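Source file: my_file09.txt (compact mmCIF, C-alpha atoms)
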# COMPACT_ATOMS: atom_id res chain seq x y z
CA PHE A 1 -11.13 5.90 20.18
CA LYS A 2 -13.89 8.44 20.51
CA GLN A 3 -16.22 8.30 17.53
CA LYS A 4 -16.28 11.50 15.49
CA THR A 5 -19.16 13.05 13.64
CA ALA A 6 -19.14 13.01 9.84
CA TYR A 7 -18.35 16.72 9.84
CA GLU A 8 -15.40 16.33 12.19
CA ILE A 9 -14.00 13.46 10.14
CA ARG A 10 -14.17 15.37 6.87
CA ASN A 11 -12.16 18.18 8.40
CA CYS A 12 -9.46 16.22 10.22
CA ASP A 13 -5.87 16.61 9.04
CA TRP A 14 -5.14 13.09 7.89
CA SER A 15 -1.55 13.84 6.89
CA SER A 16 0.98 12.10 9.12
CA ASP A 17 4.67 12.78 9.66
CA VAL A 18 5.21 9.07 10.21
CA CYS A 19 3.40 8.05 7.04
CA SER A 20 0.70 6.13 8.85
CA SER A 21 -2.71 7.11 10.09
CA ASP A 22 -3.24 7.23 13.84
CA LEU A 23 -6.76 8.45 13.18
CA LEU A 24 -9.43 6.45 11.45
CA GLY A 25 -12.21 7.94 9.42
CA PHE A 26 -15.56 6.47 8.55
CA CYS A 27 -15.54 6.83 4.80
CA GLY A 28 -17.49 3.75 3.88
CA PRO A 29 -19.23 0.72 5.34
CA ARG A 30 -16.44 0.37 7.91
CA TRP A 31 -13.69 2.39 9.55
CA VAL A 32 -10.67 2.77 7.27
CA PRO A 33 -7.82 5.30 7.05
CA ALA A 34 -8.97 8.30 5.04
CA LEU A 35 -6.66 10.75 3.31
CA ALA A 36 -3.46 9.25 4.73
CA MET A 37 -0.65 9.34 2.20
CA CYS A 38 -1.00 7.27 0.01
CA GLY A 39 -4.39 5.98 1.13
CA ARG A 40 -6.32 5.12 -2.04
CA PHE A 41 -5.41 3.91 -5.50
CA LEU A 42 -6.71 2.39 -8.73
CA ARG A 43 -6.76 -1.25 -9.74
CA ILE A 44 -8.18 -1.28 -13.24
CA SER A 45 -5.63 -3.59 -14.88
CA SER A 46 -6.39 -7.31 -14.86
CA LEU A 47 -4.04 -9.89 -13.37
CA THR A 48 -3.11 -10.90 -16.92
CA GLU A 49 -2.11 -7.31 -17.71
CA VAL A 50 -0.11 -7.00 -14.48
CA VAL A 51 1.72 -10.26 -15.15
CA SER A 52 2.54 -9.13 -18.68
CA ALA A 53 3.69 -5.63 -17.73
CA PHE A 54 6.01 -6.83 -14.99
CA GLU A 55 7.22 -10.03 -16.69
CA ALA A 56 5.94 -12.15 -13.83
CA SER A 57 3.73 -15.12 -13.09
CA GLY A 58 0.89 -15.42 -10.63
CA ASP A 59 -2.71 -16.23 -9.84
CA GLY A 60 -5.44 -14.98 -7.56
CA GLU A 61 -7.45 -12.53 -9.69
CA LEU A 62 -8.79 -9.55 -7.74
CA GLN A 63 -11.87 -7.55 -8.65
CA LEU A 64 -11.20 -4.29 -10.47
CA SER A 65 -11.61 -1.20 -8.32
CA PHE A 66 -11.58 2.55 -8.85
CA ASN A 67 -11.15 3.23 -5.12
CA VAL A 68 -8.94 0.69 -3.34
CA PRO A 69 -8.79 1.35 0.43
CA PRO A 70 -6.36 0.04 3.06
CA THR A 71 -6.87 -3.35 4.76
CA THR A 72 -8.22 -4.86 1.53
CA HIS A 73 -6.35 -7.23 -0.78
CA VAL A 74 -4.03 -5.75 -3.40
CA TYR A 75 -1.53 -7.16 -5.87
CA ALA A 76 2.07 -7.38 -4.70
CA ILE A 77 5.07 -8.56 -6.72
CA ARG A 78 8.01 -10.32 -5.05
CA HIS A 79 10.86 -12.61 -6.00
CA ASP A 80 10.03 -16.27 -5.51
CA GLU A 81 13.35 -18.10 -5.97
CA THR A 82 14.16 -17.29 -9.62
CA ARG A 83 10.94 -15.66 -10.79
CA ARG A 84 8.74 -12.66 -10.12
CA LEU A 85 5.47 -13.67 -8.52
CA VAL A 86 2.26 -11.61 -8.39
CA GLU A 87 -0.04 -12.52 -5.53
CA PRO A 88 -2.76 -10.89 -3.41
CA MET A 89 -1.72 -9.44 -0.06
CA SER A 90 -3.61 -7.42 2.53
CA TRP A 91 -2.67 -3.72 2.42
CA GLY A 92 -1.47 -2.80 5.90
CA LEU A 93 1.61 -4.55 7.22
CA VAL A 94 1.36 -6.89 10.21
CA PRO A 95 4.80 -7.83 11.64
CA PHE A 96 5.37 -11.52 12.26
CA TRP A 97 5.69 -10.82 15.99
CA ALA A 98 2.33 -9.01 16.32
CA LYS A 99 -0.28 -10.61 18.56
CA ASP A 100 -3.12 -9.68 16.19
CA THR A 101 -3.94 -7.61 13.11
CA LYS A 102 -5.50 -4.63 14.88
CA ARG A 103 -2.76 -2.20 13.91
CA ALA A 104 -2.65 -3.12 10.21
CA SER A 105 -4.40 0.09 9.16
CA ASN A 106 -1.61 2.07 10.86
CA ALA A 107 1.08 0.54 8.65
CA ILE A 108 -0.11 1.10 5.10
CA ASN A 109 2.96 3.25 4.34
CA ALA A 110 6.61 3.09 5.38
CA ARG A 111 9.10 5.96 5.15
CA VAL A 112 12.15 4.99 3.11
CA GLU A 113 14.33 7.21 5.33
CA THR A 114 13.62 5.09 8.43
CA LEU A 115 13.10 1.57 7.03
CA SER A 116 16.20 0.27 8.79
CA GLU A 117 15.16 1.78 12.13
CA LYS A 118 11.47 1.02 12.63
CA PRO A 119 10.80 -2.32 14.40
CA SER A 120 7.94 -3.15 12.02
CA PHE A 121 10.10 -2.78 8.91
CA ARG A 122 13.82 -3.19 9.61
CA HIS A 123 13.79 -7.00 9.51
CA LEU A 124 12.08 -6.90 6.09
CA VAL A 125 14.51 -4.62 4.27
CA LYS A 126 16.86 -7.35 2.99
CA ASN A 127 14.63 -10.27 2.00
CA HIS A 128 11.07 -8.96 1.91
CA ARG A 129 11.06 -6.15 -0.62
CA ALA A 130 8.13 -6.06 -3.02
CA VAL A 131 6.38 -3.89 -5.60
CA MET A 132 2.77 -2.73 -5.61
CA PRO A 133 1.42 -2.12 -9.15
CA LEU A 134 -0.81 0.96 -9.26
CA ASP A 135 -2.85 2.20 -12.20
CA GLY A 136 -2.80 5.51 -10.39
CA TYR A 137 -3.38 6.83 -6.90
CA PHE A 138 -5.36 9.55 -5.18
CA GLU A 139 -3.70 12.25 -3.14
CA TRP A 140 -5.26 15.02 -1.06
CA ASP A 141 -3.85 18.53 -1.09
CA THR A 142 -2.29 19.21 2.31
CA VAL A 143 -0.04 22.01 1.02
CA THR A 144 -2.51 24.72 0.02
CA ALA A 145 -5.49 23.54 2.10
CA THR A 146 -6.77 26.12 4.55
CA GLY A 147 -9.57 26.43 7.07
CA THR A 148 -12.10 23.71 7.69
CA GLN A 149 -12.98 22.85 4.10
CA PRO A 150 -12.42 19.22 3.03
CA LYS A 151 -9.09 18.81 1.23
CA GLN A 152 -9.10 18.63 -2.56
CA PRO A 153 -8.29 15.16 -3.99
CA TYR A 154 -6.10 14.69 -7.05
CA LEU A 155 -5.59 11.67 -9.30
CA VAL A 156 -1.96 10.86 -10.08
CA ARG A 157 -1.24 8.58 -13.05
CA PRO A 158 1.91 7.73 -15.02
CA SER A 159 2.53 9.72 -18.17
CA SER A 160 2.52 7.67 -21.35
CA GLY A 161 6.07 6.69 -22.27
CA GLY A 162 7.56 7.86 -18.97
CA ASP A 163 10.26 5.88 -17.16
CA GLU A 164 7.82 5.18 -14.33
CA SER A 165 5.16 3.68 -16.62
CA PHE A 166 4.78 -0.09 -16.90
CA ASP A 167 2.06 -0.32 -19.54
CA GLY A 168 0.24 2.50 -17.76
CA MET A 169 0.99 1.32 -14.22
CA PHE A 170 3.30 2.61 -11.51
CA ALA A 171 5.70 0.27 -9.73
CA ALA A 172 5.58 1.44 -6.10
CA ALA A 173 8.26 0.06 -3.80
CA ALA A 174 6.88 -1.96 -0.90
CA LEU A 175 7.71 -4.35 1.94
CA TRP A 176 5.82 -7.56 2.67
CA SER A 177 5.49 -9.87 5.64
CA THR A 178 3.84 -13.13 6.67
CA TRP A 179 1.86 -13.19 9.91
CA ARG A 180 0.47 -16.40 11.39
CA ASP A 181 -2.74 -16.35 13.38
CA PRO A 182 -2.09 -18.01 16.78
CA GLU A 183 -5.81 -18.51 17.34
CA HIS A 184 -6.41 -20.37 14.07
CA ASP A 185 -3.65 -22.98 13.88
CA GLY A 186 -1.11 -20.56 12.46
CA VAL A 187 -3.04 -19.72 9.30
CA ALA A 188 -0.81 -17.40 7.26
CA LEU A 189 -1.74 -13.85 6.24
CA GLN A 190 0.53 -12.01 3.83
CA THR A 191 0.51 -8.24 4.25
CA VAL A 192 2.23 -5.33 2.51
CA ALA A 193 3.12 -1.67 3.09
CA MET A 194 3.90 0.92 0.42
CA VAL A 195 7.25 2.71 0.74
CA THR A 196 7.14 6.50 0.52
CA THR A 197 9.69 9.24 -0.04
CA GLN A 198 9.90 13.03 -0.12
CA SER A 199 7.72 14.52 -2.84
CA VAL A 200 9.33 16.32 -5.77
CA GLY A 201 8.13 18.39 -8.72
CA ARG A 202 4.40 18.73 -9.29
CA LEU A 203 3.60 16.25 -6.53
CA ALA A 204 5.31 18.44 -3.93
CA GLU A 205 2.71 21.10 -4.66
CA ILE A 206 -0.06 18.97 -3.15
CA HIS A 207 1.62 16.73 -0.55
CA HIS A 208 5.00 16.38 1.17
CA ARG A 209 5.16 12.60 0.60
CA MET A 210 4.79 10.36 -2.46
CA PRO A 211 5.22 6.64 -3.23
CA LEU A 212 8.76 5.54 -4.06
CA LEU A 213 8.16 5.00 -7.78
CA LEU A 214 10.59 2.65 -9.51
CA ASP A 215 11.77 2.56 -13.10
CA ARG A 216 12.72 -0.62 -14.98
CA ASP A 217 16.32 -0.69 -13.78
CA GLU A 218 15.42 0.07 -10.18
CA ILE A 219 12.69 -2.56 -9.92
CA GLU A 220 15.19 -5.33 -10.69
CA GLU A 221 17.56 -4.20 -7.95
CA TRP A 222 14.74 -3.54 -5.48
CA LEU A 223 13.37 -7.07 -5.84
CA ASP A 224 16.80 -8.75 -5.70
CA ASN A 225 17.04 -10.46 -2.30
CA ASP A 226 20.81 -10.73 -2.66
CA THR A 227 21.22 -6.96 -2.89
CA PRO A 228 21.30 -4.68 0.19
CA LEU A 229 18.92 -1.75 0.34
CA PRO A 230 19.93 0.31 -2.72
CA GLY A 231 21.55 3.63 -1.91
CA TRP A 232 19.39 5.43 -4.47
CA ALA A 233 16.24 4.52 -2.51
CA GLY A 234 16.89 7.16 0.12
CA SER A 235 18.49 9.77 -2.12
CA HIS A 236 16.86 12.74 -3.80
CA ARG A 237 14.57 11.62 -6.62
CA GLY A 238 14.13 13.26 -9.99
CA ASP A 239 10.74 14.54 -11.07
CA PRO A 240 8.57 11.56 -12.08
CA ALA A 241 6.68 11.63 -15.37
CA VAL A 242 3.13 11.89 -14.04
CA GLU A 243 -0.25 13.39 -14.82
CA VAL A 244 -1.96 15.16 -11.92
CA VAL A 245 -5.61 16.21 -12.20
CA PRO A 246 -8.18 17.36 -9.63
CA VAL A 247 -11.09 14.98 -9.16
CA SER A 248 -14.38 14.92 -7.30
CA LYS A 249 -14.50 14.62 -3.51
CA ARG A 250 -16.75 11.61 -4.09
CA VAL A 251 -13.52 9.60 -3.85
CA ASN A 252 -13.43 10.44 -0.13
CA SER A 253 -15.98 7.68 0.44
CA VAL A 254 -15.10 4.07 -0.35
CA ARG A 255 -18.80 3.57 -1.05
CA ASN A 256 -18.14 5.38 -4.33
CA ASN A 257 -16.35 3.06 -6.73
CA ASP A 258 -16.92 3.81 -10.39
CA ALA A 259 -15.18 5.29 -13.42
CA THR A 260 -16.52 8.79 -12.78
CA LEU A 261 -13.95 9.11 -9.97
CA LEU A 262 -11.29 9.43 -12.69
CA GLU A 263 -12.91 12.39 -14.44
CA PRO A 264 -11.11 15.74 -14.06
CA ILE A 265 -13.16 18.52 -12.51
CA ASP A 266 -13.19 22.28 -12.70
CA LEU A 267 -12.02 23.47 -9.28
CA GLY A 268 -14.32 26.43 -9.61
CA SER A 269 -17.40 24.26 -10.11
CA PRO A 270 -19.96 24.47 -7.28
CA GLN A 271 -21.13 20.91 -8.02
CA ASP A 272 -18.15 19.34 -6.26
CA GLN A 273 -18.85 21.35 -3.12
CA LEU A 274 -21.80 19.01 -2.48
CA PHE A 275 -19.43 16.22 -1.42

Just give me the structure of the file as structure tokens.
Amino acid sequence: FKQKTAYEIRNCDWSSDVCSSDLLGFCGPRWVPALAMCGRFLRISSLTEVVSAFEASGDGELQLSFNVPPTTHVYAIRHDETRRLVEPMSWGLVPFWAKDTKRASNAINARVETLSEKPSFRHLVKNHRAVMPLDGYFEWDTVTATGTQPKQPYLVRPSSGGDESFDGMFAAAALWSTWRDPEHDGVALQTVAMVTTQSVGRLAEIHHRMPLLLDRDEIEEWLDNDTPLPGWAGSHRGDPAVEVVPVSKRVNSVRNNDATLLEPIDLGSPQDQLF
């Protein structure tokens, strides 16, 4: 694709009606999807905390991050025979039939409404459902944004005591797949895509899509390989118990990865206009 200037990238509309990013933005040391829904999240819980919260087992500790971008490794939870297993997977699904991994960044999200139709996802719906634990995620306002100004990012986290909170983490529905590299003796790469649905409540005020957030009853059914795709997955969702706060546009760049990204800002402050 034609390389864009930094100014052009900051002012692209990264929202996509197919919940993937056909455009790539340079927001760090490499090209990664920027501002696609949901394109960044928090990983500030340790593997031990994830295992405890989701009553699972697992290994493969990942470094904590305040700004997790696509195509990097994330925790994913799946059923492994009779237990829940937490393991690292690359965020950006690569179908088993793909020739290479070049399109992984275009499949970080999957619309729940079309899971059974899209070639990349339909074969995964029955036996390859997973959960991505999120300490929170960043979303950019595509509803009220106007003109050429960079879109305002918001941090979305589970409310304490809410049905969607697993010890302060979301359980985002996902699909996973195993791809084998034909050029390296079939070495396996496990990849994952986050499932999204129509936004409701406060989240609908900033973006038309949101992760499919599961509660404790739903997560059991979602991960059960013997259960067809639950009917509730594609139905209208109730308002999730979430906290939504505006944060600095420093999160736009994956180079920025520190706790200050979580601090609420005053939208009238001129300081944030520097980013």

Q) Of the candidates A:Ala104, A:Ile219, A:Val245, A:Met210, which one gets nearest to A:Asp163 if we count all atoms listed in the file? A)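 So, comparing all the options, the nearest one is A:Ile219.
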
Residues near A:Arg129, cut-off 6 Å, all atoms listed in the file, skip fewer than 5 positions along chain, as a CSV table (one decimal) with C-alpha atoms, in the frame of the given file:
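Okay, this is what ended up in part.csv:
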chain,number,residue,atom,x,y,z
A,174,ALA,CA,6.9,-2.0,-0.9
A,175,LEU,CA,7.7,-4.4,1.9
A,223,LEU,CA,13.4,-7.1,-5.8

**Q.** Selected residue of minimal separation from A:Val254 among A:Gly186, A:Gly60, A:Pro69, A:Gly201, counting only C-alpha atoms
**A.** A:Pro69

Q: May I ask which of the residues A:His236, A:His128, A:His123, A:Lys102 is the closest one to A:Ile77, counting all atoms listed in the file?
A: A:His128

Q) With all atoms listed in the file as the atoms that count, which of A:Ser65, A:Gln198, A:Thr114, A:Asn252 lies nearest to A:Glu139? A)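 Nearest to A:Glu139: A:Asn252.
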